[in-house]
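start29.txt (compact mmCIF, C-alpha atoms and all ligand atoms) appears below.
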```
# COMPACT_ATOMS: atom_id res chain seq x y z
CA MET A 12 -5.43 -3.77 -26.54
CA ASP A 13 -8.02 -6.54 -26.80
CA PHE A 14 -8.38 -9.67 -24.71
CA ASP A 15 -9.31 -12.82 -26.67
CA GLY A 16 -11.80 -14.06 -24.06
CA SER A 17 -9.37 -16.27 -22.14
CA GLN A 18 -8.71 -13.62 -19.46
CA VAL A 19 -9.74 -14.49 -15.90
CA LEU A 20 -10.68 -11.90 -13.28
CA ILE A 21 -8.33 -12.42 -10.33
CA GLY A 22 -8.65 -9.21 -8.36
CA LYS A 23 -10.79 -6.16 -7.90
CA GLY A 24 -9.87 -2.80 -6.44
CA ALA A 25 -11.73 0.47 -6.15
CA GLN A 26 -10.37 1.79 -9.44
CA ALA A 27 -9.31 -1.26 -11.40
CA ASP A 28 -9.96 -4.89 -12.23
CA VAL A 29 -7.03 -7.29 -12.45
CA PHE A 30 -7.05 -10.18 -14.94
CA ARG A 31 -4.80 -13.15 -15.51
CA TYR A 32 -4.10 -13.35 -19.24
CA GLN A 33 -1.44 -15.13 -21.27
CA GLY A 34 0.94 -15.54 -18.36
CA TYR A 35 0.68 -11.96 -17.08
CA ALA A 36 -1.55 -9.94 -14.79
CA TYR A 37 -3.34 -6.96 -16.36
CA LYS A 38 -4.62 -4.05 -14.32
CA VAL A 39 -7.51 -2.47 -16.19
CA TYR A 40 -8.53 0.92 -14.83
CA LYS A 41 -11.88 2.57 -15.17
CA SER A 42 -11.79 4.91 -18.17
CA SER A 43 -12.57 7.83 -15.84
CA TYR A 44 -9.36 7.22 -13.87
CA PRO A 45 -6.77 9.89 -14.76
CA ALA A 46 -3.98 8.65 -17.03
CA GLU A 47 -1.41 10.76 -15.08
CA TRP A 48 -2.17 8.74 -11.97
CA ILE A 49 -1.52 5.53 -13.86
CA ALA A 50 1.78 6.96 -15.10
CA PHE A 51 2.57 7.89 -11.48
CA GLU A 52 1.78 4.36 -10.31
CA LYS A 53 4.23 3.02 -12.91
CA ASP A 54 6.94 5.41 -11.64
CA GLN A 55 6.26 4.27 -8.10
CA GLN A 56 6.58 0.63 -9.13
CA ARG A 57 9.92 1.34 -10.82
CA ALA A 58 11.13 3.02 -7.63
CA VAL A 59 10.24 0.02 -5.46
CA ASN A 60 11.69 -2.38 -8.03
CA GLU A 61 14.98 -0.48 -7.75
CA ALA A 62 14.77 -0.34 -3.95
CA GLY A 63 14.47 -4.15 -3.92
CA LEU A 64 11.06 -4.03 -2.25
CA CYS A 65 9.00 -5.66 -4.97
CA PRO A 66 10.20 -7.69 -7.94
CA ILE A 67 6.93 -7.34 -9.89
CA ARG A 68 7.52 -5.22 -12.99
CA TYR A 69 4.95 -3.07 -14.74
CA TYR A 70 4.91 -2.78 -18.53
CA ASP A 71 3.16 -0.39 -20.89
CA THR A 72 0.45 -1.64 -23.19
CA ASP A 73 -0.99 0.25 -26.16
CA ASP A 74 -3.81 1.34 -23.85
CA ALA A 75 -2.91 4.01 -21.26
CA HIS A 76 -5.60 2.56 -18.97
CA ILE A 77 -4.16 -0.96 -18.94
CA ILE A 78 -0.91 -1.98 -17.24
CA ARG A 79 0.67 -5.38 -17.83
CA MET A 80 2.35 -6.79 -14.71
CA ASP A 81 4.42 -9.80 -13.81
CA LEU A 82 1.90 -12.34 -12.57
CA ILE A 83 2.01 -13.60 -9.01
CA GLU A 84 0.61 -17.12 -8.98
CA GLY A 85 -0.82 -17.39 -5.52
CA GLU A 86 -3.37 -15.81 -3.24
CA VAL A 87 -3.84 -12.67 -1.22
CA LEU A 88 -2.98 -12.94 2.47
CA GLU A 89 -6.54 -11.82 3.22
CA LYS A 90 -7.90 -15.16 2.05
CA LYS A 91 -5.56 -17.10 4.32
CA VAL A 92 -6.32 -14.90 7.32
CA ARG A 93 -10.05 -15.32 6.73
CA GLU A 94 -9.46 -19.07 6.82
CA GLY A 95 -7.85 -18.70 10.23
CA TYR A 96 -4.18 -18.11 9.40
CA ILE A 97 -3.55 -15.83 12.39
CA GLU A 98 0.18 -15.77 11.53
CA GLY A 99 -0.83 -13.40 8.75
CA PHE A 100 -0.62 -10.60 11.30
CA GLY A 101 3.01 -11.51 11.91
CA LEU A 102 3.65 -11.32 8.17
CA LEU A 103 2.12 -7.87 8.14
CA THR A 104 4.55 -6.65 10.80
CA SER A 105 7.43 -8.26 8.96
CA ALA A 106 6.33 -6.48 5.77
CA PHE A 107 6.40 -3.14 7.59
CA ARG A 108 9.89 -3.81 8.92
CA LYS A 109 11.15 -4.78 5.50
CA VAL A 110 9.77 -1.66 3.81
CA HIS A 111 10.97 0.69 6.53
CA ALA A 112 14.48 -0.79 6.54
CA ALA A 113 15.01 -0.06 2.82
CA SER A 114 17.39 2.71 1.88
CA VAL A 115 15.82 6.00 0.79
CA GLU A 116 19.09 6.99 -0.88
CA GLY A 117 18.34 8.21 -4.40
CA ILE A 118 14.76 6.97 -4.37
CA ARG A 119 12.30 8.79 -6.62
CA MET A 120 9.23 8.93 -4.42
CA PRO A 121 7.40 12.02 -3.13
CA PRO A 122 7.45 12.89 0.57
CA LEU A 123 4.07 12.56 2.29
CA ILE A 124 3.96 16.29 2.97
CA ALA A 125 4.08 17.05 -0.79
CA THR A 126 0.82 15.26 -1.58
CA ALA A 127 -1.06 14.95 1.73
CA GLY A 128 -3.06 18.15 1.22
CA MET A 129 -4.55 17.10 -2.12
CA GLY A 130 -8.30 17.57 -2.11
CA LEU A 131 -8.47 18.67 1.54
CA SER A 132 -10.19 21.75 2.93
CA GLU A 133 -8.10 24.56 4.44
CA GLU A 134 -9.24 23.47 7.88
CA GLU A 135 -8.17 19.88 7.27
CA LYS A 136 -4.80 21.08 5.97
CA ASP A 137 -4.37 23.19 9.10
CA THR A 138 -4.88 20.02 11.12
CA ILE A 139 -2.62 17.66 9.21
CA PHE A 140 0.37 19.79 8.16
CA PRO A 141 1.55 20.74 11.67
CA ILE A 142 1.35 17.07 12.69
CA ILE A 143 3.28 15.83 9.64
CA GLU A 144 5.90 18.53 10.23
CA LYS A 145 6.16 17.77 13.93
CA LEU A 146 6.51 14.01 13.46
CA SER A 147 8.91 14.43 10.53
CA GLY A 148 11.15 16.53 12.77
CA LYS A 149 11.04 13.98 15.54
CA TYR A 150 11.43 10.62 13.73
CA PRO A 151 13.54 9.50 10.76
CA SER A 152 11.79 9.23 7.40
CA CYS A 153 11.70 6.02 5.42
CA ILE A 154 9.67 4.46 2.65
CA CYS A 155 6.08 4.01 3.86
CA HIS A 156 3.73 1.82 1.81
CA LEU A 157 0.67 3.60 3.24
CA ASP A 158 -1.79 0.97 2.11
CA MET A 159 -0.44 -2.06 3.92
CA HIS A 160 -3.24 -4.56 4.46
CA PHE A 161 -4.00 -8.17 3.72
CA LEU A 162 -5.22 -7.56 0.15
CA ASN A 163 -1.92 -5.93 -0.76
CA ILE A 164 0.24 -8.81 0.41
CA MET A 165 0.32 -11.92 -1.76
CA LEU A 166 1.54 -15.41 -0.94
CA PRO A 167 3.02 -17.13 -4.00
CA SER A 168 1.88 -20.72 -4.43
CA ASP A 169 5.49 -21.86 -5.08
CA GLY A 170 6.21 -21.12 -1.41
CA SER A 171 8.55 -18.20 -2.14
CA GLU A 172 8.48 -15.11 0.08
CA TYR A 173 5.35 -12.96 0.36
CA LYS A 174 5.06 -10.10 -2.14
CA ILE A 175 3.91 -6.60 -1.25
CA ILE A 176 1.87 -5.04 -4.07
CA ASP A 177 -0.03 -1.83 -4.85
CA TRP A 178 2.53 0.92 -4.16
CA MET A 179 0.45 3.83 -5.44
CA ASN A 180 0.18 5.42 -1.98
CA ALA A 181 3.81 4.93 -0.96
CA ARG A 182 5.58 8.07 0.26
CA ILE A 183 8.66 9.08 2.20
CA ALA A 184 7.59 9.73 5.80
CA PRO A 185 8.19 8.58 9.37
CA ALA A 186 7.15 4.93 9.84
CA VAL A 187 4.46 5.94 12.33
CA PHE A 188 2.28 7.05 9.42
CA ASP A 189 2.41 3.59 7.86
CA TYR A 190 1.32 1.95 11.12
CA ALA A 191 -1.37 4.59 11.59
CA ARG A 192 -2.76 4.22 8.08
CA THR A 193 -3.24 0.48 8.58
CA TYR A 194 -4.80 1.21 11.98
CA VAL A 195 -7.41 3.39 10.24
CA ILE A 196 -8.10 0.68 7.66
CA PHE A 197 -8.61 -2.05 10.29
CA ASP A 198 -10.73 0.33 12.35
CA GLU A 199 -13.08 0.64 9.37
CA PHE A 200 -13.74 -3.00 8.80
CA SER A 201 -13.07 -5.08 11.91
CA GLN A 202 -12.66 -4.21 15.58
CA GLU A 203 -11.47 -7.74 16.20
CA ALA A 204 -8.70 -7.40 13.61
CA LEU A 205 -7.83 -3.96 14.98
CA ALA A 206 -7.35 -5.38 18.48
CA ILE A 207 -4.97 -8.06 17.18
CA TYR A 208 -3.18 -5.49 15.01
CA LYS A 209 -2.57 -3.22 18.01
CA GLN A 210 -1.06 -6.14 19.89
CA VAL A 211 1.24 -7.33 17.13
CA ILE A 212 2.69 -3.90 16.34
CA ALA A 213 3.11 -2.83 19.99
CA ASP A 214 6.74 -3.95 20.38
CA ASP A 215 7.82 -2.33 17.11
CA ILE A 216 6.09 0.93 18.05
CA VAL A 217 7.96 0.94 21.37
CA ALA A 218 11.25 0.05 19.64
CA LEU A 219 10.79 3.04 17.33
CA GLY A 220 10.25 5.27 20.37
CA ILE A 221 6.82 6.35 19.17
CA SER A 222 4.69 7.81 21.96
CA ASP A 223 0.94 7.14 22.26
CA GLU A 224 0.24 10.78 21.59
CA ASP A 225 2.30 10.81 18.38
CA PHE A 226 0.62 7.61 17.24
CA GLN A 227 -2.81 9.15 17.83
CA ASP A 228 -1.77 12.30 15.94
CA ALA A 229 -0.66 10.16 12.98
CA VAL A 230 -4.02 8.34 13.12
CA THR A 231 -5.77 11.72 12.94
CA VAL A 232 -3.81 12.59 9.78
CA CYS A 233 -4.45 9.22 8.15
CA ALA A 234 -8.16 9.29 9.00
CA ILE A 235 -8.53 12.71 7.34
CA ILE A 236 -6.64 11.59 4.22
CA ARG A 237 -8.59 8.32 4.08
CA GLU A 238 -11.91 10.15 4.31
CA ARG A 239 -10.97 12.25 1.27
CA GLU A 240 -10.34 9.09 -0.78
CA LYS A 241 -13.95 7.98 -0.46
N1 LIG A 301 0.82 -8.86 -10.20
C1 LIG A 301 -0.27 -9.49 -9.73
N2 LIG A 301 -0.40 -10.83 -9.83
C2 LIG A 301 -1.51 -11.45 -9.36
N3 LIG A 301 -2.55 -10.82 -8.78
C3 LIG A 301 -2.48 -9.48 -8.64
C4 LIG A 301 -1.35 -8.74 -9.12
N4 LIG A 301 -1.56 -7.45 -8.85
C5 LIG A 301 -2.77 -7.37 -8.27
N5 LIG A 301 -3.33 -8.58 -8.13
C6 LIG A 301 -4.66 -8.87 -7.55
O1 LIG A 301 -5.54 -7.79 -7.84
C7 LIG A 301 -5.97 -7.14 -6.64
C8 LIG A 301 -6.05 -5.64 -6.89
O2 LIG A 301 -4.77 -5.17 -7.30
P1 LIG A 301 -4.12 -3.84 -6.68
O3 LIG A 301 -2.88 -3.54 -7.45
O4 LIG A 301 -4.00 -4.01 -5.21
O5 LIG A 301 -5.24 -2.78 -7.07
P2 LIG A 301 -6.00 -1.65 -6.22
O6 LIG A 301 -5.12 -0.46 -6.32
O7 LIG A 301 -7.26 -1.46 -6.98
O8 LIG A 301 -6.18 -2.16 -4.82
C9 LIG A 301 -4.97 -7.56 -5.56
O9 LIG A 301 -5.53 -7.54 -4.27
C10 LIG A 301 -4.63 -8.98 -6.02
O10 LIG A 301 -5.65 -9.87 -5.65
MG MG A 302 -4.82 -3.07 -3.56
```
What's the structure tokens form of this structure?
Amino acid sequence: MDFDGSQVLIGKGAQADVFRYQGYAYKVYKSSYPAEWIAFEKDQQRAVNEAGLCPIRYYDTDDAHIIRMDLIEGEVLEKKVREGYIEGFGLLTSAFRKVHAASVEGIRMPPLIATAGMGLSEEEKDTIFPIIEKLSGKYPSCICHLDMHFLNIMLPSDGSEYKIIDWMNARIAPAVFDYARTYVIFDEFSQEALAIYKQVIADDIVALGISDEDFQDAVTVCAIIREREK
């Protein structure tokens, strides 16, 4: 497909640029990005559409490296938080609760254990698999977004509810992994944000019965997986 020059860059990720064009958002992946992963991302989006977790639909284009998406007119929560909107942290916790409360009945989404070992060394696998198994035996599994941060939550300008985007990493796993993944992300870029994050999730972690040790184990798993992504 060809853009006619009226497209506007509205977002940038590690693997793709996102443009506003003719009333839609277009995610344009680097040509080196595997087409199967794009197909997987579309399947994931369909699964969360059906689960009622995100109304944004993905559509095929004639280019396997370009996805057309329903456009969210608005801004990423990150921008608001940078401007001092501290309530953004509360939205983040509400987003977690919403995702984790969704039914996993009939959902087509891989469990974390099925993909977590991808690209890891044998030693790393020996570290993460026993932890994932232990925590999966101890806590109920739910949908985990596994990339929940301020750039993946958008605030529509019409004042409607926040939208959670970018479901590529979502897996079925105990909720502790979702909280731990975001912990690792905050730890990378801001100790100040991490300190606030720890505070705002504390009650929910207690309510889920998650011990400090289990949380730390989940952080270990997420840190190893995150390192591989770089
Ligand atoms: N449907 C959409 N409508 C409007 N903006 C979007 C949409 N999807 C993504 N964006 C913007 O593009 C950015 C990158 O998109 P995202 O799907 O998160 O890609 P990545 O996987 O590269 O992080 C987002 O942070 C957001 O600013
Ligand atoms: Mg993103």
Q) Any idea what's packed within 9 Å of A:Ile83, counting all atoms listed in the file, ignoring anything in its chain fewer than 3 positions away? Could you give it as a list in words? A)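 Surrounding residues, per the criterion: Tyr35, Ala36, Ile67, Met80, Glu86, Met165, Leu166, Pro167, Ser168 and Lys174 of chain A.
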Q: Kindly provide, as a ChimeraX atom specification, all nucleotide and amino acid residues lying within 9 Å of ligand MG 302 (chain A), counting only C-alpha atoms and all ligand atoms.
A: /A:22-25,158-164,176-179
Q: Enter the distance from atom O7 of ligand LIG 301 (chain A) to atom CA of A:Gln210, in Å, rounded to one decimal.
A: 28.0 Å
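Comparing A:Ile49, A:Pro185, A:Thr193, A:Ala206 by their smallest distance to A:Gly220, the closest is A:Pro185 (using only C-alpha atoms).
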Q.
Just checking: using only C-alpha atoms and all ligand atoms, which residue out of A:Ile175, A:Ala186, A:Ala113, A:Ile139 ends up closest to ligand LIG 301 (chain A)?
A. A:Ile175
Q: State, in Å with one decimal place, the distance from atom CA of A:Lys136 to atom CA of A:Ile154.
A: 22.3 Å
Q.
Just the number, please: distance in Å from atom O4 of ligand LIG 301 (chain A) to atom CA of A:Glu94, one decimal.
A.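 Atom O4 of ligand LIG 301 (chain A) sits 20.0 Å away from atom CA of A:Glu94.
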Q. Of the residues A:Ser17, A:Ser201, A:Gln56, A:Ser43, which is the one nearest to ligand LIG 301 (chain A), using only C-alpha atoms and all ligand atoms?
A.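 Distance minimum relative to ligand LIG 301 (chain A) lands on A:Gln56.
Proximity to A:Leu88 was assessed for A:Glu172, A:Gly117, A:Ile212, A:Ala184 counting all atoms listed in the file; the smallest distance is recorded for A:Glu172.
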List as a PDB file with C-alpha atoms, in the coordinates of the input the protein and nucleic acid residues near A:Phe107, meaning an atom at most 9 Å away when only C-alpha atoms are counted, but skip any in the same chain fewer than 2 places from it.
```pdb
ATOM      1  CA  LEU A 102       3.650 -11.320   8.170  1.00  0.00           C
ATOM      2  CA  LEU A 103       2.120  -7.870   8.140  1.00  0.00           C
ATOM      3  CA  THR A 104       4.550  -6.650  10.800  1.00  0.00           C
ATOM      4  CA  SER A 105       7.430  -8.260   8.960  1.00  0.00           C
ATOM      5  CA  LYS A 109      11.150  -4.780   5.500  1.00  0.00           C
ATOM      6  CA  VAL A 110       9.770  -1.660   3.810  1.00  0.00           C
ATOM      7  CA  HIS A 111      10.970   0.690   6.530  1.00  0.00           C
ATOM      8  CA  ALA A 112      14.480  -0.790   6.540  1.00  0.00           C
ATOM      9  CA  CYS A 155       6.080   4.010   3.860  1.00  0.00           C
ATOM     10  CA  HIS A 156       3.730   1.820   1.810  1.00  0.00           C
ATOM     11  CA  MET A 159      -0.440  -2.060   3.920  1.00  0.00           C
ATOM     12  CA  ALA A 186       7.150   4.930   9.840  1.00  0.00           C
ATOM     13  CA  ASP A 189       2.410   3.590   7.860  1.00  0.00           C
ATOM     14  CA  TYR A 190       1.320   1.950  11.120  1.00  0.00           C
TER      15      TYR A 190
END
```
Could stretch 80-102 of chain A be completed with N, CA and C atoms and written as a PDB file, in the coordinates of the input, please?
```pdb
ATOM      1  N   MET A  80       1.482  -6.577 -15.877  1.00  0.00           N
ATOM      2  CA  MET A  80       2.350  -6.790 -14.710  1.00  0.00           C
ATOM      3  C   MET A  80       2.854  -8.226 -14.703  1.00  0.00           C
ATOM      4  N   ASP A  81       4.012  -8.426 -14.092  1.00  0.00           N
ATOM      5  CA  ASP A  81       4.420  -9.800 -13.810  1.00  0.00           C
ATOM      6  C   ASP A  81       3.335 -10.422 -12.945  1.00  0.00           C
ATOM      7  N   LEU A  82       2.992 -11.659 -13.269  1.00  0.00           N
ATOM      8  CA  LEU A  82       1.900 -12.340 -12.570  1.00  0.00           C
ATOM      9  C   LEU A  82       2.413 -13.028 -11.306  1.00  0.00           C
ATOM     10  N   ILE A  83       1.720 -12.820 -10.216  1.00  0.00           N
ATOM     11  CA  ILE A  83       2.010 -13.600  -9.010  1.00  0.00           C
ATOM     12  C   ILE A  83       1.000 -14.741  -8.961  1.00  0.00           C
ATOM     13  N   GLU A  84       1.489 -15.958  -9.116  1.00  0.00           N
ATOM     14  CA  GLU A  84       0.610 -17.120  -8.980  1.00  0.00           C
ATOM     15  C   GLU A  84       0.503 -17.389  -7.491  1.00  0.00           C
ATOM     16  N   GLY A  85      -0.676 -17.191  -6.954  1.00  0.00           N
ATOM     17  CA  GLY A  85      -0.820 -17.390  -5.520  1.00  0.00           C
ATOM     18  C   GLY A  85      -2.107 -16.760  -5.040  1.00  0.00           C
ATOM     19  N   GLU A  86      -2.144 -16.417  -3.753  1.00  0.00           N
ATOM     20  CA  GLU A  86      -3.370 -15.810  -3.240  1.00  0.00           C
ATOM     21  C   GLU A  86      -3.034 -14.645  -2.315  1.00  0.00           C
ATOM     22  N   VAL A  87      -4.043 -13.804  -2.128  1.00  0.00           N
ATOM     23  CA  VAL A  87      -3.840 -12.670  -1.220  1.00  0.00           C
ATOM     24  C   VAL A  87      -3.847 -13.199   0.223  1.00  0.00           C
ATOM     25  N   LEU A  88      -3.063 -12.544   1.060  1.00  0.00           N
ATOM     26  CA  LEU A  88      -2.980 -12.940   2.470  1.00  0.00           C
ATOM     27  C   LEU A  88      -4.356 -12.872   3.141  1.00  0.00           C
ATOM     28  N   GLU A  89      -5.191 -11.984   2.652  1.00  0.00           N
ATOM     29  CA  GLU A  89      -6.540 -11.820   3.220  1.00  0.00           C
ATOM     30  C   GLU A  89      -7.314 -13.132   3.227  1.00  0.00           C
ATOM     31  N   LYS A  90      -7.174 -13.897   2.161  1.00  0.00           N
ATOM     32  CA  LYS A  90      -7.900 -15.160   2.050  1.00  0.00           C
ATOM     33  C   LYS A  90      -7.440 -16.138   3.136  1.00  0.00           C
ATOM     34  N   LYS A  91      -6.119 -16.196   3.308  1.00  0.00           N
ATOM     35  CA  LYS A  91      -5.560 -17.100   4.320  1.00  0.00           C
ATOM     36  C   LYS A  91      -5.981 -16.677   5.731  1.00  0.00           C
ATOM     37  N   VAL A  92      -5.961 -15.378   5.986  1.00  0.00           N
ATOM     38  CA  VAL A  92      -6.320 -14.900   7.320  1.00  0.00           C
ATOM     39  C   VAL A  92      -7.788 -15.197   7.602  1.00  0.00           C
ATOM     40  N   ARG A  93      -8.630 -15.010   6.581  1.00  0.00           N
ATOM     41  CA  ARG A  93     -10.050 -15.320   6.730  1.00  0.00           C
ATOM     42  C   ARG A  93     -10.254 -16.800   7.061  1.00  0.00           C
ATOM     43  N   GLU A  94      -9.368 -17.628   6.537  1.00  0.00           N
ATOM     44  CA  GLU A  94      -9.460 -19.070   6.820  1.00  0.00           C
ATOM     45  C   GLU A  94      -8.843 -19.450   8.164  1.00  0.00           C
ATOM     46  N   GLY A  95      -8.349 -18.431   8.877  1.00  0.00           N
ATOM     47  CA  GLY A  95      -7.850 -18.700  10.230  1.00  0.00           C
ATOM     48  C   GLY A  95      -6.337 -18.631  10.399  1.00  0.00           C
ATOM     49  N   TYR A  96      -5.649 -18.195   9.348  1.00  0.00           N
ATOM     50  CA  TYR A  96      -4.180 -18.110   9.400  1.00  0.00           C
ATOM     51  C   TYR A  96      -3.778 -16.842  10.178  1.00  0.00           C
ATOM     52  N   ILE A  97      -3.795 -16.971  11.500  1.00  0.00           N
ATOM     53  CA  ILE A  97      -3.550 -15.830  12.390  1.00  0.00           C
ATOM     54  C   ILE A  97      -2.112 -15.301  12.221  1.00  0.00           C
ATOM     55  N   GLU A  98      -1.219 -16.177  11.763  1.00  0.00           N
ATOM     56  CA  GLU A  98       0.180 -15.770  11.530  1.00  0.00           C
ATOM     57  C   GLU A  98       0.274 -14.658  10.485  1.00  0.00           C
ATOM     58  N   GLY A  99      -0.803 -14.472   9.742  1.00  0.00           N
ATOM     59  CA  GLY A  99      -0.830 -13.400   8.750  1.00  0.00           C
ATOM     60  C   GLY A  99      -0.513 -12.043   9.367  1.00  0.00           C
ATOM     61  N   PHE A 100      -0.908 -11.858  10.625  1.00  0.00           N
ATOM     62  CA  PHE A 100      -0.620 -10.600  11.300  1.00  0.00           C
ATOM     63  C   PHE A 100       0.892 -10.428  11.506  1.00  0.00           C
ATOM     64  N   GLY A 101       1.554 -11.552  11.774  1.00  0.00           N
ATOM     65  CA  GLY A 101       3.010 -11.510  11.910  1.00  0.00           C
ATOM     66  C   GLY A 101       3.682 -11.144  10.591  1.00  0.00           C
ATOM     67  N   LEU A 102       3.115 -11.660   9.500  1.00  0.00           N
ATOM     68  CA  LEU A 102       3.650 -11.320   8.170  1.00  0.00           C
ATOM     69  C   LEU A 102       3.507  -9.828   7.896  1.00  0.00           C
TER      70      LEU A 102
END
```
